[in-house]
Amino acid sequence: MTDCLFCAIATGDIPAAIVSETDRVVVFRDVSPQAPTHVLAIPRSHIRNVGELAQTDPSLAAEVLAAATQAAIDLGLADDGYRVVFNTGNEGGQSVDHVHAHVLGGRQMTWPPG
Ligand code: AMP
């Protein structure tokens, strides 16, 4: 098995609450939600962060964003609004080194983040 948690979720080796999937992208619920609705959109392929994704495969970056957007719509977040976050690197708060878009909604978000 891969030692990357999100690669293992993408292959189904580690279970997750899947919201949607295509041949290249998976959306699943965050196991420790920070909002009433909190899902993660990832590419199946192992890419470390959003910068690497954007620079190496812009069409896949667009698919991840499209999946995140569709999940927000399907989960009822679109009317009231929601937040999409790519934590990047240590000081960006990234703890899993497989790029993921957080989609958070269902409560008022504050700014700036902590
Ligand atoms: P980040 O800190 O931006 O790298 O976000 C990683 C996210 O992955 C956190 O919000 C975790 O709660 C979430 N997470 C960790 N393990 C799992 C898992 N097995 N299934 C779903 N989400 C997870």
# chains A, B, ... in the order shown; residues from 1 in each chain; ligands from 1
$ residues_near_ligand --ligand "ligand 1" --cutoff "7 Å" --atoms "only C-alpha atoms and all ligand atoms" --output "VMD selection string"
chain A and resid 5 16 28 to 33 86 to 87 93 to 97
$ select_by_dssp --residues "region 37-77 of chain A" --states "strand (DSSP E)" --output "list in words"
Thr37, His38, Val39, Leu40, Ala41, Ile42 and Pro43 of chain A
$ write_last_selection --atoms "N, CA and C atoms" --output "CSV table (one decimal), in the first residue's frame"
chain,number,residue,atom,x,y,z
A,37,THR,N,-20.4,21.7,6.9
A,37,THR,CA,-20.0,20.9,5.7
A,37,THR,C,-18.6,21.1,5.5
A,38,HIS,N,-17.8,20.1,5.3
A,38,HIS,CA,-16.4,20.2,5.1
A,38,HIS,C,-15.9,19.0,4.3
A,39,VAL,N,-15.6,19.2,3.0
A,39,VAL,CA,-15.2,18.1,2.1
A,39,VAL,C,-13.8,18.5,1.5
A,40,LEU,N,-13.1,17.5,1.0
A,40,LEU,CA,-11.8,17.7,0.4
A,40,LEU,C,-11.9,17.2,-1.0
A,41,ALA,N,-11.4,17.9,-2.0
A,41,ALA,CA,-11.3,17.5,-3.4
A,41,ALA,C,-9.8,17.3,-3.7
A,42,ILE,N,-9.5,16.1,-4.2
A,42,ILE,CA,-8.2,15.7,-4.6
A,42,ILE,C,-8.1,15.1,-6.0
A,43,PRO,N,-6.9,15.3,-6.6
A,43,PRO,CA,-6.6,14.5,-7.8
A,43,PRO,C,-6.2,13.1,-7.3
$ closest_residue --among "A:Arg24, A:Arg107, A:His102, A:His46" --to "Ser59 (chain A)" --atoms "only C-alpha atoms"
A:Arg24
$ closest_residue --among "A:Asn90, A:Gln70, A:Gln108, A:Asn49" --to "Val19 (chain A)" --atoms "only C-alpha atoms"
A:Gln70
$ select_by_dssp --residues "region 29-88 of chain A" --states "helix (DSSP H, G or I)" --output "PyMOL selection string"
chain A and resi 50-56+58-74
$ write_last_selection --atoms "N, CA, C and O atoms" --output "compact mmCIF listing (two decimals), in the first residue's frame"
# COMPACT_ATOMS: atom_id res chain seq x y z
N VAL A 50 -0.86 22.73 -4.33
CA VAL A 50 -1.60 23.39 -5.41
C VAL A 50 -0.67 24.10 -6.40
O VAL A 50 -1.00 24.19 -7.59
N GLY A 51 0.47 24.57 -5.92
CA GLY A 51 1.40 25.21 -6.84
C GLY A 51 1.95 24.23 -7.85
O GLY A 51 2.02 24.51 -9.06
N GLU A 52 2.33 23.05 -7.35
CA GLU A 52 2.84 22.00 -8.24
C GLU A 52 1.74 21.54 -9.20
O GLU A 52 1.99 21.33 -10.39
N LEU A 53 0.51 21.45 -8.69
CA LEU A 53 -0.61 21.05 -9.55
C LEU A 53 -0.82 22.07 -10.67
O LEU A 53 -0.95 21.71 -11.84
N ALA A 54 -0.85 23.33 -10.30
CA ALA A 54 -1.11 24.38 -11.30
C ALA A 54 -0.02 24.43 -12.36
O ALA A 54 -0.30 24.66 -13.55
N GLN A 55 1.22 24.20 -11.93
CA GLN A 55 2.33 24.34 -12.87
C GLN A 55 2.56 23.09 -13.72
O GLN A 55 3.07 23.20 -14.83
N THR A 56 2.19 21.93 -13.19
CA THR A 56 2.47 20.70 -13.94
C THR A 56 1.27 20.19 -14.73
O THR A 56 1.46 19.51 -15.74
N PRO A 58 -2.34 21.99 -15.48
CA PRO A 58 -3.41 22.97 -15.30
C PRO A 58 -4.80 22.41 -15.59
O PRO A 58 -5.78 22.82 -14.96
N SER A 59 -4.91 21.45 -16.51
CA SER A 59 -6.23 20.91 -16.79
C SER A 59 -6.74 20.08 -15.61
O SER A 59 -7.93 20.09 -15.29
N LEU A 60 -5.82 19.40 -14.92
CA LEU A 60 -6.22 18.67 -13.72
C LEU A 60 -6.57 19.64 -12.60
O LEU A 60 -7.52 19.40 -11.83
N ALA A 61 -5.86 20.74 -12.50
CA ALA A 61 -6.21 21.77 -11.51
C ALA A 61 -7.63 22.25 -11.75
O ALA A 61 -8.42 22.42 -10.82
N ALA A 62 -7.98 22.45 -13.01
CA ALA A 62 -9.34 22.89 -13.34
C ALA A 62 -10.36 21.82 -12.96
O ALA A 62 -11.46 22.14 -12.48
N GLU A 63 -10.02 20.56 -13.14
CA GLU A 63 -10.95 19.48 -12.76
C GLU A 63 -11.15 19.43 -11.25
O GLU A 63 -12.27 19.18 -10.77
N VAL A 64 -10.09 19.66 -10.49
CA VAL A 64 -10.22 19.67 -9.03
C VAL A 64 -11.12 20.83 -8.61
O VAL A 64 -12.03 20.66 -7.78
N LEU A 65 -10.92 22.01 -9.22
CA LEU A 65 -11.77 23.15 -8.88
C LEU A 65 -13.21 22.92 -9.30
O LEU A 65 -14.15 23.29 -8.58
N ALA A 66 -13.41 22.30 -10.45
CA ALA A 66 -14.77 22.02 -10.90
C ALA A 66 -15.46 21.04 -9.97
O ALA A 66 -16.65 21.19 -9.65
N ALA A 67 -14.74 20.03 -9.50
CA ALA A 67 -15.32 19.05 -8.58
C ALA A 67 -15.64 19.70 -7.24
O ALA A 67 -16.68 19.41 -6.63
N ALA A 68 -14.76 20.58 -6.78
CA ALA A 68 -15.02 21.29 -5.52
C ALA A 68 -16.26 22.17 -5.66
O ALA A 68 -17.11 22.21 -4.77
N THR A 69 -16.38 22.84 -6.79
CA THR A 69 -17.54 23.70 -7.03
C THR A 69 -18.82 22.88 -7.09
O THR A 69 -19.84 23.25 -6.49
N GLN A 70 -18.77 21.77 -7.82
CA GLN A 70 -19.97 20.94 -7.94
C GLN A 70 -20.37 20.37 -6.59
O GLN A 70 -21.57 20.28 -6.28
N ALA A 71 -19.40 20.00 -5.77
CA ALA A 71 -19.72 19.49 -4.43
C ALA A 71 -20.39 20.58 -3.61
O ALA A 71 -21.38 20.31 -2.91
N ALA A 72 -19.89 21.80 -3.69
CA ALA A 72 -20.51 22.91 -2.95
C ALA A 72 -21.96 23.09 -3.39
O ALA A 72 -22.85 23.30 -2.56
N ILE A 73 -22.20 22.99 -4.68
CA ILE A 73 -23.58 23.12 -5.19
C ILE A 73 -24.43 21.95 -4.68
O ILE A 73 -25.52 22.15 -4.13
N ASP A 74 -23.92 20.74 -4.85
CA ASP A 74 -24.70 19.54 -4.49
C ASP A 74 -24.97 19.47 -2.98
O ASP A 74 -26.00 18.91 -2.56
$ closest_residue --among "A:Val99, A:Ser45, A:Asp3, A:Asp79" --to "Asp23 (chain A)" --atoms "only C-alpha atoms"
A:Ser45
$ decode --residues "region 40-51 of chain A" --atoms "N, CA, C and O atoms" --output "short mmCIF file (atom, residue, chain, number, x, y, z; two decimals), in the first residue's frame"
data_model
loop_
_atom_site.label_atom_id
_atom_site.label_comp_id
_atom_site.auth_asym_id
_atom_site.auth_seq_id
_atom_site.Cartn_x
_atom_site.Cartn_y
_atom_site.Cartn_z
N LEU A 40 -13.11 17.49 1.04
CA LEU A 40 -11.81 17.66 0.40
C LEU A 40 -11.90 17.16 -1.04
O LEU A 40 -12.45 16.08 -1.28
N ALA A 41 -11.37 17.94 -1.97
CA ALA A 41 -11.31 17.53 -3.38
C ALA A 41 -9.84 17.29 -3.73
O ALA A 41 -9.00 18.19 -3.52
N ILE A 42 -9.55 16.11 -4.25
CA ILE A 42 -8.15 15.74 -4.56
C ILE A 42 -8.06 15.15 -5.96
O ILE A 42 -9.00 14.52 -6.45
N PRO A 43 -6.90 15.30 -6.59
CA PRO A 43 -6.62 14.49 -7.78
C PRO A 43 -6.23 13.09 -7.32
O PRO A 43 -5.68 12.92 -6.23
N ARG A 44 -6.53 12.09 -8.14
CA ARG A 44 -6.09 10.73 -7.78
C ARG A 44 -4.57 10.62 -7.80
O ARG A 44 -3.98 9.86 -7.03
N SER A 45 -3.94 11.35 -8.70
CA SER A 45 -2.49 11.25 -8.83
C SER A 45 -1.80 12.02 -7.70
O SER A 45 -2.31 13.03 -7.20
N HIS A 46 -0.63 11.55 -7.32
CA HIS A 46 0.07 12.14 -6.19
C HIS A 46 0.83 13.38 -6.63
O HIS A 46 1.87 13.29 -7.28
N ILE A 47 0.28 14.53 -6.26
CA ILE A 47 0.90 15.83 -6.51
C ILE A 47 0.90 16.55 -5.17
O ILE A 47 -0.10 16.53 -4.45
N ARG A 48 2.03 17.16 -4.82
CA ARG A 48 2.20 17.58 -3.43
C ARG A 48 1.35 18.75 -2.99
O ARG A 48 0.84 18.78 -1.87
N ASN A 49 1.22 19.75 -3.86
CA ASN A 49 0.50 20.95 -3.41
C ASN A 49 -0.09 21.68 -4.60
O ASN A 49 0.15 21.32 -5.76
N VAL A 50 -0.86 22.73 -4.33
CA VAL A 50 -1.60 23.39 -5.41
C VAL A 50 -0.67 24.10 -6.40
O VAL A 50 -1.00 24.19 -7.59
N GLY A 51 0.47 24.57 -5.92
CA GLY A 51 1.40 25.21 -6.84
C GLY A 51 1.95 24.23 -7.85
O GLY A 51 2.02 24.51 -9.06
#
